[in-house]
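Note sheet for the following structure.
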Amino acid sequence: MRAINRLWWAAAAALLWALPAIAHHSFAAEFDSGKTVTLHGVVSKVDWINPHIFVYLDVKDDSGKTTTWALQSLPPLFFRGSGLTKDVLLSNKQEVTVTANPAKDGSGAYGFMIKLSYPDGHVFSMSPQDADPNLRGKK
Amino acid sequence: MVSELANHRTLTLAAVLLAAPLGIQAQTNYAAEAAKNPGASSRPTPLLADGHPDLNGVWHHFFGIGTIQKVGESFTVGGAFSPKSAGLYSQPLRDSKPEYKPEAAAKVKLLNENQVKEDQTLHCINPGVPRLGPPHQIVQTAKQAIFLYADNTGNQWRVIPLDGRAHSTDPETAATYNGDSVGHWDGDTLVVDVTRLTDETWLGDNGLLHSRKLHVTERLRRAGDTIQYTVTAEDPEVLQKPWTLSRTLTLQTDALEEAAPCIDKDAGHYVTGEHHDNTR
């Protein structure tokens, strides 16, 4: 099974590597796939725009100060027919957990969203195995 | 053991499908659209009352349709990133490359190397004809054809008179992104002749510049529920010979939806010049 696990992770890694490349320009020109930040906050705004949608997350630090992260995602056409809309993203006011690749230019609070997890366990994820039970079982 | 072997094959397939080609070809969903309408080309070709082929319909959606899937209560990537359908999105279009005269070729190279700065479409400016690609929807009457596009840079339209008129000769008519189009029927083929195109646009991705002398000819021939679309660019100032590319469009059943507004929020964040094609 170890070989299979390795193959799975190779496939997952290939996916993660390839996926941001479908963005409008090159993901690599802006975001650092070698770094991941984990954020806890509330979705406060969504820009349903080309070439990519943006999800804004209000993140409170320990002192109570709020920083709004701008999180780039995929082009709006990619969501067509999926049921995931601006309204869906905005309607959930619970605190969510987001993992993101931060901007390479060091500008704070700007990144590419890899995964958005809700408290009940459902996700919006760039990794199919996060949502597909059949794939999840193969980890 | 059998299931492990099956897993092995599935995962290897996934790794192969999801690796190199997708970064380049993920947006070319022509094959995926054709797969939604099997046998389209062998159907009868409908005609309008004037006897010409009926080109009305939605024929193409610009990239990525159906990429996000709902799985249970969750949403994840599918389409181009599902092992089941990735092959449809990674089929190479085998486009020929325009052959430039040496001086222009040097400029193309420079533009390509600086594409994240120089490519106006990355900053929400119209791609223009011919880079705009084949029409997403056609509205056709005996006197005119309207080409509609929901491009990711914005919604576009072209009004193409079919009444036999010539190109505008008004010297005050400015060159524009989509140019001055006139159409006529050559047998069962709609031929669209385009002039007065601004040289601010490119023929395609990767710095493919052109001059104000660009002359574009599009040919659309309906075969069943498909359209064979070919576009030829002639530009003797920069090209060594005319350049042609072809697309097979398949009649779609879903409506064309307006493009979301294009707002460039990336420009200030580019650290490197890495880029990929946005094939239309």
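Every chain in the structure tokens takes a letter, A first, then B, and so on in the order presented; its residues are numbered from 1, and the ligands are numbered from 1 following the presented order.
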DSSP-assigned helix (DSSP H, G or I) members of segment 9-132 of chain A, reported as a ChimeraX atom specification: /A:9-22,27-29,76-79,86-91,128-130
Non-local contacts of segment 249-258 of chain B (7 Å; only C-alpha atoms; under 3 positions in same chain excluded) as a list in words: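 So the residues in contact are Tyr30, Glu33, Ala34, Ala40, Gly57, Val58, Trp59, His60, Ala150, Asn155, Asp225, Thr226, Ile227 and Gln228 of chain B.
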Please produce an output containing C-alpha atoms for each residue in the selection, written as a CSV table (one decimal), in the first residue's frame.
```csv
chain,number,residue,atom,x,y,z
B,30,TYR,CA,-14.0,22.3,-27.6
B,33,GLU,CA,-18.4,20.5,-25.7
B,34,ALA,CA,-18.4,18.1,-28.6
B,40,ALA,CA,-23.5,16.3,-34.0
B,57,GLY,CA,-27.3,29.1,-31.8
B,58,VAL,CA,-24.8,29.0,-29.0
B,59,TRP,CA,-21.7,27.3,-30.4
B,60,HIS,CA,-19.0,27.7,-27.8
B,150,ALA,CA,-18.9,36.3,-23.5
B,155,ASN,CA,-19.0,41.0,-23.5
B,225,ASP,CA,-24.9,20.5,-35.5
B,226,THR,CA,-21.3,21.6,-36.0
B,227,ILE,CA,-19.6,24.6,-37.6
B,228,GLN,CA,-16.2,24.4,-39.2
```
Residues of segment 22-104 of chain A at most 10 Å from segment 116-127 of chain A: nearest atom pair and distance in Å, only C-alpha atoms, as a Markdown table:
```
| residue | atom | partner | partner_atom | distance |
| --- | --- | --- | --- | --- |
| A:Thr38 | CA | A:Leu116 | CA | 9.9 |
| A:Leu39 | CA | A:Leu116 | CA | 9.4 |
| A:His40 | CA | A:Ser117 | CA | 9.6 |
| A:Ser73 | CA | A:Met126 | CA | 9.3 |
| A:Leu74 | CA | A:Met126 | CA | 9.5 |
| A:Leu84 | CA | A:Phe124 | CA | 8.8 |
| A:Leu89 | CA | A:Phe124 | CA | 9.7 |
| A:Asn92 | CA | A:Tyr118 | CA | 8.7 |
| A:Lys93 | CA | A:Tyr118 | CA | 10.0 |
| A:Gln94 | CA | A:Tyr118 | CA | 7.5 |
| A:Glu95 | CA | A:Tyr118 | CA | 7.4 |
| A:Val96 | CA | A:Tyr118 | CA | 5.0 |
| A:Thr97 | CA | A:Ser117 | CA | 5.1 |
| A:Val98 | CA | A:Leu116 | CA | 4.5 |
| A:Thr99 | CA | A:Leu116 | CA | 6.7 |
| A:Ala100 | CA | A:Leu116 | CA | 8.9 |
```
Straight-line distance linking atom CA of Tyr89 of chain B with atom CA of Asn29 of chain B, stated in Å to one decimal: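 Separation between atom CA of Tyr89 of chain B and atom CA of Asn29 of chain B: 5.2 Å.
Closest approach to Arg247 of chain B among B:Asp95, B:Asp188, B:Asp264, B:Glu200 is made by B:Asp95 (distances from only C-alpha atoms).
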Between atom CA of Leu132 of chain B and atom CA of Thr217 of chain B - distance in Å to one decimal: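 Answer for the atom CA of Thr217 of chain B to atom CA of Leu132 of chain B separation: 13.6 Å.
Across A:Thr85, A:Thr36, A:Ser107, A:Asn101, the tightest approach to Gln72 of chain A is made by A:Asn101 when counting only C-alpha atoms.
Restricting the calculation to only C-alpha atoms, the smallest distance between Ala86 of chain B and any of B:Thr67, B:Asp54, B:Pro135, B:Lys265 is found for B:Thr67.
Each of B:Ala80, B:Leu214, B:Leu110, B:Val139 was compared to chain A using only C-alpha atoms, and B:Ala80 turns out to be the nearest.
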Looking only at the backbone, which of the residues in segment 11-196 of chain B does DSSP tag as strand (DSSP E), as a ChimeraX atom specification? /B:57-58,68-71,74-77,137-140,144-151,154-161,180-186,189-195
Point out the residue among A:Trp69, A:Asp32, A:Ser63, A:Asp87 with the least atom-to-atom distance to chain B, counting only C-alpha atoms. A:Asp32
Restricting the calculation to only C-alpha atoms, which member of B:Lys70, B:Lys101, B:Lys241, B:Lys143 is positioned closest to chain A?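 Closest candidate: B:Lys70.
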If we count only C-alpha atoms and set the cut-off at 12 Å, which residues sit around Gly204 of chain B, ignoring sequence neighbours fewer than 2 positions away in its own chain? Please answer as JSON, numbers by chain. {"B": [95, 96, 97, 98, 108, 111, 112, 115, 119, 120, 121, 126, 127, 128, 129, 130, 131, 132, 133, 201, 202, 206, 207, 208, 209, 210, 231, 233, 243, 244, 245, 276, 277, 278, 279, 280]}
Suppose you want the space between atom CA of Pro44 of chain B and atom CA of Arg221 of chain B; what is it in Å? 13.2 Å
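Non-sequential neighbours of segment 168-184 of chain B (distance at most 6 Å, separation of 5 or more positions within a chain, only C-alpha atoms) are Gly128, Val129, Ile160, Pro161, Leu162, Leu190, Val191, Val192, Asp193, Val194, Thr195, Arg196, Leu197 and Thr198 of chain B.
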